[in-house]
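Colleague: What follows is a single structure, and I will ask about it in a moment.
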Amino acid sequence: MNNSQTIERKKPNIILIIIDAFRVKNSSLFGYEKNTDKNLKKMSEDSFVFKDFFSSSNATAPSLTTLFTGKYPVNHGIIHQFPYTKPEEIEEFERKKSFWLPTFLKNKGYRTIAIDWIGTWFKDGF
């Protein structure tokens, strides 16, 4: 094979399921005695499931921004929950943003989709 030929590699599927305000105490996946989430449990058989996890914030906007940037709220600038996020926070975030997971994946050839009602800066890369 010469340099002008490329090998097409199949990319692994990456599916992030983020459920806001999910209570693991009522999930059979996490030990609840009733079968409350059989489809989620079935999906977990071929997936990574994180059982020891902590949120960077008690609000959705700062937490999701942390997941997609790898930075804590104090570092990425989003502190308040939408719709209380201040314009200054968004401006600081846009100024500091050096990595955004959805855009990174899109640039690597992945098709990205989000089902979300927040919009704002979260729509970048989808």
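So you can find residues: chains in the structure tokens are A, B, ... in the order shown, residues in each start at 1, and ligands are numbered from 1 in order.
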Which polymer residues have any atom within 12 Å of an atom of Phe93 in chain A, counting only C-alpha atoms, with same-chain residues fewer than 5 positions away left out, as number ranges by chain?
Modeller: A: 61-62, 65-66, 69, 71-79, 85-88, 98-100, 120-122
Colleague: For the structure I just gave you, how does DSSP split range 8-110 of chain A - specifically, which residues are alpha helix (DSSP H)? Reply as a PyMOL selection string.
Modeller: chain A and resi 38-44+60-69+73-76+87-96+101-107
Colleague: Could you list, with a cut-off of 12 Å and counting only C-alpha atoms, the residues of range 64-94 of chain A near range 10-33 of chain A, each shown with its nearest atom pair and the distance in Å rounded to one decimal, rows sorted by chain and ascending number, as a Markdown table?
Modeller:
```
| residue | atom | partner | partner_atom | distance |
| --- | --- | --- | --- | --- |
| A:Leu64 | CA | A:Ile18 | CA | 8.7 |
| A:Leu67 | CA | A:Ile18 | CA | 9.9 |
| A:Phe68 | CA | A:Leu16 | CA | 10.9 |
```
Colleague: Restricting the calculation to only C-alpha atoms, which member of A:Glu45, A:Ile90, A:Asp124, A:Tyr84 is positioned closest to Pro102 in chain A?
Modeller: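 For Pro102 in chain A, the nearest of the candidates is A:Asp124.
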Colleague: Please compute the CA of Ile115 in chain A-CA of Thr60 in chain A distance, one decimal, in Å.
Modeller: 14.4 Å
Colleague: Expressed in Å to a single decimal, how great is the separation between CA of Tyr110 in chain A and CA of Ser56 in chain A?
Modeller: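 Distance reported for this atom pair: 26.7 Å.
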